[in-house]
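Visitor: Provided below: coords_3.txt, containing compact mmCIF, C-alpha atoms.
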```txt
# COMPACT_ATOMS: atom_id res chain seq x y z
CA MET A 1 92.14 141.78 74.18
CA LYS A 2 91.91 143.11 70.63
CA TRP A 3 94.29 145.89 69.55
CA THR A 4 91.39 148.27 68.91
CA THR A 5 90.01 147.61 72.39
CA PHE A 6 93.44 148.27 73.91
CA LEU A 7 93.84 151.53 71.99
CA GLY A 8 90.39 152.67 73.11
CA ALA A 9 91.27 151.92 76.73
CA ILE A 10 94.46 154.02 76.49
CA LEU A 11 92.57 156.94 74.97
CA ALA A 12 89.92 156.68 77.67
CA VAL A 13 92.42 157.09 80.49
CA LEU A 14 94.36 159.84 78.72
CA THR A 15 91.42 162.00 77.67
CA PRO A 16 90.77 163.47 81.18
CA ALA A 17 94.44 164.51 81.44
CA VAL A 18 93.75 168.07 80.31
CA MET A 19 91.70 168.52 83.50
CA ALA A 20 94.34 167.14 85.85
CA GLY A 21 96.16 170.39 86.54
CA SER A 22 99.76 170.70 87.68
CA LEU A 23 101.84 167.67 88.61
CA ASP A 24 104.43 169.64 90.57
CA ASP A 25 103.25 168.14 93.86
CA ALA A 26 102.73 164.64 92.45
CA VAL A 27 105.93 163.79 90.53
CA GLU A 28 109.54 164.81 91.05
CA THR A 29 112.28 163.62 88.68
CA ARG A 30 116.03 164.21 88.93
CA LEU A 31 119.38 162.79 87.87
CA LEU A 32 121.69 161.34 90.53
CA PRO A 33 125.31 161.95 89.40
CA GLY A 34 126.74 158.75 90.91
CA TRP A 35 130.38 157.72 90.49
CA ARG A 36 133.01 156.55 88.01
CA ALA A 37 133.56 152.78 88.32
CA PRO A 38 136.99 151.07 87.99
CA ASP A 39 135.97 149.62 84.59
CA GLY A 40 135.56 153.15 83.17
CA ARG A 41 131.77 153.24 83.15
CA HIS A 42 129.97 155.98 85.07
CA MET A 43 127.15 154.74 87.31
CA ALA A 44 124.39 157.36 87.60
CA ALA A 45 120.61 157.09 87.99
CA ILE A 46 117.21 158.63 87.37
CA GLU A 47 115.19 159.12 90.55
CA VAL A 48 111.40 159.43 90.28
CA THR A 49 109.46 160.30 93.44
CA LEU A 50 105.68 159.92 93.28
CA ALA A 51 103.07 161.25 95.70
CA LYS A 52 100.77 158.77 97.44
CA GLY A 53 98.41 157.04 95.03
CA TRP A 54 100.46 157.80 91.91
CA LYS A 55 102.34 155.22 89.85
CA THR A 56 104.63 155.08 86.84
CA TYR A 57 105.57 152.27 84.48
CA TRP A 58 108.19 149.62 83.86
CA ARG A 59 109.82 149.17 80.43
CA ALA A 60 106.95 146.79 79.46
CA PRO A 61 103.99 148.55 81.09
CA GLY A 62 101.25 145.95 80.65
CA ASP A 63 97.82 146.23 79.08
CA ALA A 64 97.14 149.90 79.87
CA GLY A 65 100.46 151.52 80.75
CA ILE A 66 102.60 154.05 78.91
CA PRO A 67 106.08 152.72 77.95
CA PRO A 68 108.95 155.05 78.92
CA ARG A 69 111.26 156.38 76.21
CA PHE A 70 114.71 157.95 76.63
CA ASP A 71 116.66 160.29 74.34
CA TRP A 72 120.29 161.11 75.22
CA ARG A 73 121.28 162.79 71.93
CA GLY A 74 122.02 166.15 73.60
CA SER A 75 124.84 164.65 75.67
CA ASP A 76 128.60 165.19 75.27
CA ASN A 77 131.30 162.52 75.59
CA LEU A 78 128.66 159.77 75.62
CA ALA A 79 129.05 156.43 73.81
CA GLY A 80 126.06 154.62 75.33
CA VAL A 81 123.62 154.24 78.22
CA GLU A 82 122.32 150.97 79.68
CA ILE A 83 119.41 151.02 82.14
CA THR A 84 119.09 148.52 85.00
CA TRP A 85 115.39 148.10 85.80
CA PRO A 86 114.63 147.27 89.45
CA THR A 87 112.01 144.59 90.02
CA PRO A 88 108.59 146.18 89.36
CA ASP A 89 105.18 145.56 90.93
CA VAL A 90 102.09 144.10 89.28
CA MET A 91 99.17 146.52 89.73
CA SER A 92 95.59 146.97 88.60
CA GLN A 93 94.37 149.98 86.61
CA ASP A 94 90.74 150.26 85.48
CA GLY A 95 90.42 146.48 85.61
CA MET A 96 93.58 145.94 83.53
CA GLN A 97 96.97 144.67 84.64
CA VAL A 98 99.88 147.12 84.56
CA ILE A 99 103.54 146.74 85.55
CA GLY A 100 105.31 149.58 87.30
CA TYR A 101 106.35 151.41 90.43
CA SER A 102 104.91 153.59 93.18
CA GLY A 103 106.53 155.77 95.83
CA ARG A 104 110.20 156.25 94.93
CA VAL A 105 112.03 154.41 92.16
CA ILE A 106 115.67 154.69 91.12
CA LEU A 107 116.70 153.56 87.62
CA PRO A 108 120.48 152.98 87.53
CA LEU A 109 122.29 154.11 84.37
CA ALA A 110 125.55 152.50 83.25
CA ILE A 111 127.11 155.26 81.13
CA LEU A 112 130.01 154.58 78.74
CA PRO A 113 132.11 157.68 77.98
CA LYS A 114 133.54 158.13 74.49
CA ARG A 115 136.77 159.44 75.99
CA GLN A 116 137.81 157.61 79.11
CA GLY A 117 138.92 159.71 82.07
CA ARG A 118 136.85 162.72 80.97
CA ASP A 119 133.65 164.19 82.39
CA VAL A 120 130.34 163.35 80.71
CA GLN A 121 127.74 166.03 80.06
CA LEU A 122 124.55 163.96 80.30
CA SER A 123 121.50 165.64 78.75
CA GLY A 124 118.36 163.56 78.49
CA SER A 125 114.74 163.82 77.46
CA ILE A 126 112.38 161.26 79.01
CA ASP A 127 108.83 160.48 77.92
CA PHE A 128 106.91 158.46 80.49
CA GLY A 129 103.49 158.11 82.02
CA VAL A 130 102.08 158.58 85.50
CA CYS A 131 98.65 157.62 86.77
CA LYS A 132 96.31 158.14 89.67
CA ASP A 133 92.64 158.88 88.87
CA VAL A 134 93.79 159.85 85.36
CA CYS A 135 96.88 158.97 83.32
CA LEU A 136 99.24 161.62 81.99
CA PRO A 137 102.06 161.35 79.46
CA LEU A 138 104.99 163.50 80.65
CA ASN A 139 108.15 164.81 79.03
CA VAL A 140 111.02 165.71 81.37
CA SER A 141 114.43 167.13 80.47
CA LEU A 142 117.34 166.27 82.76
CA GLU A 143 120.94 167.51 82.67
CA GLN A 144 123.95 166.72 84.83
CA VAL A 145 127.74 166.85 84.61
CA LEU A 146 129.16 163.45 85.60
CA HIS A 147 132.64 164.08 86.99
CA SER A 148 135.30 161.49 86.28
CA ASP A 149 137.11 162.06 89.59
CA VAL A 150 134.15 160.97 91.77
CA THR A 151 134.75 157.31 92.65
CA LYS A 152 132.75 156.77 95.85
CA PRO A 153 129.61 154.67 95.15
CA THR A 154 126.18 156.13 95.91
CA PRO A 155 124.36 153.73 98.29
CA SER A 156 120.87 154.34 96.85
CA ILE A 157 122.05 153.58 93.29
CA ALA A 158 123.92 150.47 94.43
CA ALA A 159 120.79 149.25 96.25
CA ALA A 160 118.66 149.76 93.13
CA MET A 161 121.20 147.81 91.04
CA ALA A 162 120.94 144.92 93.49
CA ASP A 163 117.13 144.96 93.20
CA ARG A 164 117.21 143.64 89.63
CA PRO A 165 115.49 140.38 88.64
CA TYR A 166 117.52 137.16 88.99
CA SER A 167 119.17 135.69 85.90
CA SER A 168 118.08 132.29 84.58
CA ARG A 169 121.09 130.69 86.23
CA GLU A 170 120.52 132.38 89.58
CA ALA A 171 116.84 131.35 89.58
CA LYS A 172 117.58 127.76 88.48
CA VAL A 173 115.42 128.01 85.36
CA GLY A 174 115.01 124.72 83.52
CA ARG A 175 113.57 124.19 80.07
CA VAL A 176 112.02 127.18 78.25
CA ARG A 177 109.63 126.59 75.33
CA CYS A 178 107.74 128.86 72.92
CA ARG A 179 105.12 127.83 70.38
CA PHE A 180 103.53 130.13 67.80
CA ALA A 181 100.20 129.82 66.01
CA PRO A 182 98.71 132.27 63.45
CA THR A 183 95.59 134.28 64.33
CA LEU A 184 93.41 136.64 62.30
CA GLU A 185 95.34 139.67 63.60
CA GLY A 186 98.81 138.32 64.34
CA LEU A 187 100.26 135.46 66.32
CA GLN A 188 99.37 133.51 69.43
CA LEU A 189 102.37 132.71 71.61
CA THR A 190 102.34 129.92 74.20
CA THR A 191 105.26 130.20 76.61
CA GLU A 192 106.28 127.53 79.14
CA VAL A 193 109.05 127.86 81.73
CA ASP A 194 110.28 125.26 84.21
CA LEU A 195 110.96 127.32 87.33
CA PRO A 196 110.80 126.77 91.10
CA HIS A 197 107.94 128.68 92.73
CA ILE A 198 108.95 132.30 93.47
CA GLY A 199 106.05 133.14 95.76
CA GLY A 200 102.53 134.50 95.55
CA ALA A 201 100.60 134.95 92.32
CA GLU A 202 103.34 134.68 89.69
CA VAL A 203 103.03 136.78 86.52
CA MET A 204 104.88 136.09 83.26
CA ILE A 205 105.57 139.04 80.94
CA ILE A 206 106.70 138.67 77.33
CA GLU A 207 108.72 141.24 75.35
CA THR A 208 109.66 140.89 71.70
CA GLY A 209 112.38 143.53 71.41
CA ASN A 210 110.32 145.27 68.70
CA PRO A 211 108.35 148.33 69.91
CA GLN A 212 105.99 147.90 66.93
CA ILE A 213 104.75 144.56 68.27
CA TRP A 214 102.10 144.81 71.00
CA VAL A 215 101.90 141.83 73.36
CA ALA A 216 98.58 141.24 75.14
CA GLN A 217 99.14 140.08 78.70
CA GLY A 218 98.01 136.48 79.15
CA LYS A 219 96.99 134.74 82.36
CA THR A 220 99.87 132.91 84.03
CA SER A 221 99.20 129.43 85.43
CA ARG A 222 101.37 126.86 87.20
CA ASN A 223 101.28 123.06 86.95
CA GLY A 224 103.92 121.64 89.27
CA LYS A 225 107.29 123.07 88.30
CA ARG A 226 105.97 124.51 85.02
CA LEU A 227 104.67 128.04 84.46
CA SER A 228 102.77 128.87 81.29
CA THR A 229 100.96 131.74 79.63
CA VAL A 230 99.25 132.37 76.30
CA SER A 231 99.74 135.83 74.72
CA GLU A 232 98.46 137.50 71.57
CA LEU A 233 100.96 139.43 69.44
CA VAL A 234 99.77 142.16 67.05
CA HIS A 235 101.62 144.73 64.93
CA VAL A 236 100.50 148.22 65.99
CA GLU A 237 99.90 149.17 62.34
CA GLY A 238 98.17 145.90 61.46
CA ARG A 239 101.10 144.67 59.35
CA ALA A 240 102.56 141.20 59.02
CA PHE A 241 105.70 140.61 61.08
CA SER A 242 108.32 138.05 61.99
CA LEU A 243 110.03 137.37 65.32
CA ASN A 244 113.55 136.40 66.32
CA ARG A 245 113.30 133.82 69.11
CA SER A 246 116.64 134.92 70.57
CA GLY A 247 115.23 138.45 70.92
CA LEU A 248 112.29 137.34 73.07
CA ARG A 249 112.56 138.28 76.74
CA ILE A 250 110.54 136.61 79.49
CA THR A 251 110.19 138.13 82.95
CA VAL A 252 108.47 136.26 85.79
CA ILE A 253 107.45 138.35 88.80
CA GLY A 254 106.63 136.66 92.11
CA ALA A 255 106.25 137.67 95.73
CA SER A 256 109.88 136.93 96.67
CA HIS A 257 111.73 138.06 93.52
CA ALA A 258 111.61 138.24 89.72
CA VAL A 259 113.44 136.30 87.01
CA ASP A 260 114.82 137.60 83.69
CA ILE A 261 115.01 135.00 80.89
CA GLN A 262 116.68 135.84 77.58
CA GLY A 263 115.54 134.03 74.43
CA CYS A 264 113.00 131.27 73.87
CA PRO A 265 113.64 128.18 71.70
CA ALA A 266 111.00 126.20 69.84
CA GLY A 267 108.63 123.97 71.79
```
In structure tokens, what does this structure look like?
Guide:
Amino acid sequence: MKWTTFLGAILAVLTPAVMAGSLDDAVETRLLPGWRAPDGRHMAAIEVTLAKGWKTYWRAPGDAGIPPRFDWRGSDNLAGVEITWPTPDVMSQDGMQVIGYSGRVILPLAILPKRQGRDVQLSGSIDFGVCKDVCLPLNVSLEQVLHSDVTKPTPSIAAAMADRPYSSREAKVGRVRCRFAPTLEGLQLTTEVDLPHIGGAEVMIIETGNPQIWVAQGKTSRNGKRLSTVSELVHVEGRAFSLNRSGLRITVIGASHAVDIQGCPAG
């Protein structure tokens, strides 16, 4: 899909948003305060509850989704936040493939305090998208005091942490290969992964680590133990760009589980 076609598709689904009315009954978002772990990190989470028929998006939303963005600059005693993304679903939206969640999703947050043993005042602004018959970009502000003396784990957060994709080692990933070829608008990337079958119609998703690089979702195919896909990479402003192979991230989603692969050497 060309970048201009993709942009037109996004605008087409967003244009009706002004007619959608209130989302109060469709989307509920809140912070779960969690607990302070023995290693000093505080485990909290964002909970998003969606009404029937609504969906929201994974960190790499696919051909027509809206990527979520997080801003924690209003927080106090905060050194960093790391999100654990539960395994998403592959869905269809207006004939295009999107990656995301429906129903209820919990995004665990591993929070590193600047001053160990002290409470954290977590203040966040989240930009994300939700879709049903139309797609809406939302901005939600969340605030919560994370008390350092709470040490009992929250079962729902722990369950979401366990629902992450497998690592390469856990999934018994073999050889991983990436080959690049120039195109008129950017680069074509051929990715091959040796991986035991993980069930159903497997989908391979490529991320570059650079939000300015759009990756068109290719069709995933399997030949024996080898999965492959061909993707088109384009700079969102039409500029030339370079890629760091170690920064590439490959996620394979199947019916039984997903696999997270970090880095991709030359073919």
Visitor: CA of Val130 (chain A) to CA of Met91 (chain A): how many Å, to one decimal?
Guide: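 According to the coordinates, CA of Val130 (chain A) and CA of Met91 (chain A) are separated by 13.1 Å.
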Visitor: Ranking A:Gln212, A:Asp63, A:Arg239, A:Asn77 by minimum distance to Ser92 (chain A) and counting all atoms listed in the file, which one comes first?
Guide: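 Result for the nearest residue to Ser92 (chain A): A:Asp63.
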Visitor: Please report as a tab-separated table every residue of region 171-195 of chain A lying within 10 Å of region 217-226 of chain A, along with the nearest atom pair and their distance in Å (one decimal), using all atoms listed in the file.
Guide:
```
residue	atom	partner	partner_atom	distance
A:Val173	CA	A:Lys225	CA	10.0
A:Gly174	CA	A:Arg226	CA	9.2
A:Arg175	CA	A:Arg226	CA	9.1
A:Val176	CA	A:Arg226	CA	9.5
A:Leu189	CA	A:Gly218	CA	9.5
A:Thr190	CA	A:Gly218	CA	9.3
A:Thr191	CA	A:Thr220	CA	9.6
A:Glu192	CA	A:Arg226	CA	6.6
A:Val193	CA	A:Arg226	CA	5.6
A:Asp194	CA	A:Arg226	CA	4.4
A:Leu195	CA	A:Lys225	CA	5.7
```
Visitor: For Gly34 (chain A), which residue among A:Ser125, A:Ser141, A:Gln93, A:Thr151 is the nearest when counting all atoms listed in the file?
Guide: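 Using all atoms listed in the file, Gly34 (chain A) sits closest to A:Thr151.
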Visitor: For a quick check of understanding, using only C-alpha atoms, which of A:Ala60, A:Arg36, A:Ile106, A:Gly186 has the smallest distance to Ala159 (chain A)?
Guide: A:Ile106
Visitor: Please tell me which residues are no farther than 9 Å from (121.7, 157.8, 89.6) in the file, counting only C-alpha atoms, and write them as an MDAnalysis selection string.
Guide: chainID A and resid 30:35 43:47 106:109 154 156:157
Visitor: Write out the residues from the selection above, keeping C-alpha atoms, as a short mmCIF file (atom, residue, chain, number, x, y, z; two decimals), in the frame of the given file.
Guide:
```cif
data_model
loop_
_atom_site.label_atom_id
_atom_site.label_comp_id
_atom_site.auth_asym_id
_atom_site.auth_seq_id
_atom_site.Cartn_x
_atom_site.Cartn_y
_atom_site.Cartn_z
CA ARG A 30 116.03 164.21 88.93
CA LEU A 31 119.38 162.79 87.87
CA LEU A 32 121.69 161.34 90.53
CA PRO A 33 125.31 161.95 89.40
CA GLY A 34 126.74 158.75 90.91
CA TRP A 35 130.38 157.72 90.49
CA MET A 43 127.15 154.74 87.31
CA ALA A 44 124.39 157.36 87.60
CA ALA A 45 120.61 157.09 87.99
CA ILE A 46 117.21 158.63 87.37
CA GLU A 47 115.19 159.12 90.55
CA ILE A 106 115.67 154.69 91.12
CA LEU A 107 116.70 153.56 87.62
CA PRO A 108 120.48 152.98 87.53
CA LEU A 109 122.29 154.11 84.37
CA THR A 154 126.18 156.13 95.91
CA SER A 156 120.87 154.34 96.85
CA ILE A 157 122.05 153.58 93.29
#
```
Visitor: Please, what distance in Å, to one decimal, runs between CA of Gln97 (chain A) and CA of Ser231 (chain A)?
Guide: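 Result for CA of Gln97 (chain A) versus CA of Ser231 (chain A): 13.6 Å, one decimal.
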Visitor: Counting all atoms listed in the file, which residues in region 128-216 of chain A sit no more than 9 Å from region 241-255 of chain A? For each one, give the nearest pair of atoms and the distance in Å, sorted by chain then residue number, as a Markdown table.
Guide:
```
| residue | atom | partner | partner_atom | distance |
| --- | --- | --- | --- | --- |
| A:Pro165 | CA | A:Thr251 | CA | 8.1 |
| A:Cys178 | CA | A:Arg245 | CA | 8.4 |
| A:Gly186 | CA | A:Phe241 | CA | 8.0 |
| A:Thr191 | CA | A:Ile250 | CA | 8.8 |
| A:His197 | CA | A:Gly254 | CA | 8.1 |
| A:Ile198 | CA | A:Gly254 | CA | 5.1 |
| A:Gly199 | CA | A:Ala255 | CA | 4.5 |
| A:Gly200 | CA | A:Ala255 | CA | 4.9 |
| A:Ala201 | CA | A:Gly254 | CA | 6.3 |
| A:Glu202 | CA | A:Gly254 | CA | 4.5 |
| A:Val203 | CA | A:Ile253 | CA | 5.2 |
| A:Met204 | CA | A:Val252 | CA | 4.4 |
| A:Ile205 | CA | A:Thr251 | CA | 5.1 |
| A:Ile206 | CA | A:Ile250 | CA | 4.9 |
| A:Glu207 | CA | A:Arg249 | CA | 5.0 |
| A:Thr208 | CA | A:Leu248 | CA | 4.6 |
| A:Gly209 | CA | A:Gly247 | CA | 5.8 |
| A:Asn210 | CA | A:Leu243 | CA | 8.6 |
| A:Ile213 | CA | A:Phe241 | CA | 8.3 |
```
Visitor: To one decimal in Å, tell me the separation between CA of Pro182 (chain A) and CA of Ile66 (chain A).
Guide: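 Interatomic distance, CA of Pro182 (chain A) to CA of Ile66 (chain A): 27.0 Å.
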Visitor: I'd like the neighbourhood of Ile99 (chain A) as a list of chain:residue names, where a residue qualifies if any of its atoms comes within 7 Å (using only C-alpha atoms), though same-chain residues fewer than 6 positions away should be ignored.
Guide: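 What passes the distance filter is A:Tyr57, A:Trp58, A:Ala60, A:Pro61, A:Gly62, A:Pro88, A:Asp89, A:Val90, A:Met91.
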Visitor: Identify which of the residues A:Gly263, A:Gly80, A:Pro67, A:Pro86 lies closest to Leu112 (chain A), counting only C-alpha atoms when measuring atom-to-atom distances.
Guide: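 With only C-alpha atoms as the atom set, the closest residue is A:Gly80.
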Visitor: I want to know what sits within 9 Å of region 103-105 of chain A, based on only C-alpha atoms, with residues of the same chain fewer than 3 positions away left out; could you give that as a compact mmCIF listing (two decimals) with C-alpha atoms, in the frame of the given file?
Guide:
```txt
# COMPACT_ATOMS: atom_id res chain seq x y z
CA ILE A 46 117.21 158.63 87.37
CA GLU A 47 115.19 159.12 90.55
CA VAL A 48 111.40 159.43 90.28
CA THR A 49 109.46 160.30 93.44
CA LEU A 50 105.68 159.92 93.28
CA ALA A 51 103.07 161.25 95.70
CA LYS A 52 100.77 158.77 97.44
CA GLY A 53 98.41 157.04 95.03
CA TRP A 54 100.46 157.80 91.91
CA LYS A 55 102.34 155.22 89.85
CA PRO A 86 114.63 147.27 89.45
CA ALA A 160 118.66 149.76 93.13
```
Visitor: Could you build a table of the residues in region 56-135 of chain A lying no more than 10 Å from region 145-148 of chain A, giving for each the nearest pair of atoms and their separation in Å rounded to one decimal place, using all atoms listed in the file, ordered by chain and ascending residue number, as a Markdown table?
Guide:
```
| residue | atom | partner | partner_atom | distance |
| --- | --- | --- | --- | --- |
| A:Ser75 | CA | A:Val145 | CA | 9.7 |
| A:Asp76 | CA | A:Val145 | CA | 9.5 |
| A:Ile111 | CA | A:Leu146 | CA | 9.6 |
| A:Pro113 | CA | A:Ser148 | CA | 9.7 |
| A:Gln116 | CA | A:Ser148 | CA | 8.5 |
| A:Gly117 | CA | A:Ser148 | CA | 5.8 |
| A:Arg118 | CA | A:Ser148 | CA | 5.7 |
| A:Asp119 | CA | A:His147 | CA | 4.7 |
| A:Val120 | CA | A:Leu146 | CA | 5.0 |
| A:Gln121 | CA | A:Val145 | CA | 4.6 |
| A:Leu122 | CA | A:Val145 | CA | 6.1 |
| A:Ser123 | CA | A:Val145 | CA | 8.6 |
```
Visitor: Atoms to include: C-alpha atoms. Write the selected residues as a PDB file, in the frame of the given file.
Guide:
```pdb
ATOM      1  CA  SER A  75     124.840 164.650  75.670  1.00  0.00           C
ATOM      2  CA  ASP A  76     128.600 165.190  75.270  1.00  0.00           C
ATOM      3  CA  ILE A 111     127.110 155.260  81.130  1.00  0.00           C
ATOM      4  CA  PRO A 113     132.110 157.680  77.980  1.00  0.00           C
ATOM      5  CA  GLN A 116     137.810 157.610  79.110  1.00  0.00           C
ATOM      6  CA  GLY A 117     138.920 159.710  82.070  1.00  0.00           C
ATOM      7  CA  ARG A 118     136.850 162.720  80.970  1.00  0.00           C
ATOM      8  CA  ASP A 119     133.650 164.190  82.390  1.00  0.00           C
ATOM      9  CA  VAL A 120     130.340 163.350  80.710  1.00  0.00           C
ATOM     10  CA  GLN A 121     127.740 166.030  80.060  1.00  0.00           C
ATOM     11  CA  LEU A 122     124.550 163.960  80.300  1.00  0.00           C
ATOM     12  CA  SER A 123     121.500 165.640  78.750  1.00  0.00           C
TER      13      SER A 123
END
```
Visitor: Tell me, as a PyMOL selection string, which residues lie within 12 Å of Leu184 (chain A), counting only C-alpha atoms; anything in the same chain fewer than 2 positions away does not count.
Guide: chain A and resi 2-3+181-182+186-188+232-235+238-240
Visitor: Rank A:Val230, A:Ala158, A:Val215, A:Val98 by their smallest atom-to-atom distance to Phe180 (chain A), using all atoms listed in the file, and report the top residue only.
Guide: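 Using all atoms listed in the file, Phe180 (chain A) sits closest to A:Val230.
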Visitor: Can you pull out every residue within 9 Å of Arg69 (chain A), counting all atoms listed in the file, but drop anything in the same chain fewer than 4 positions away, and send it as a list in words?
Guide: Arg59, Ser125, Ile126, Asp127 and Phe128 of chain A
Visitor: Would you mind telling me which residue in A:Ala162, A:Phe70, A:Ser167, A:Ala64 lies nearest to Asp94 (chain A) when using only C-alpha atoms?
Guide: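 Closest to Asp94 (chain A) of all the choices is A:Ala64.
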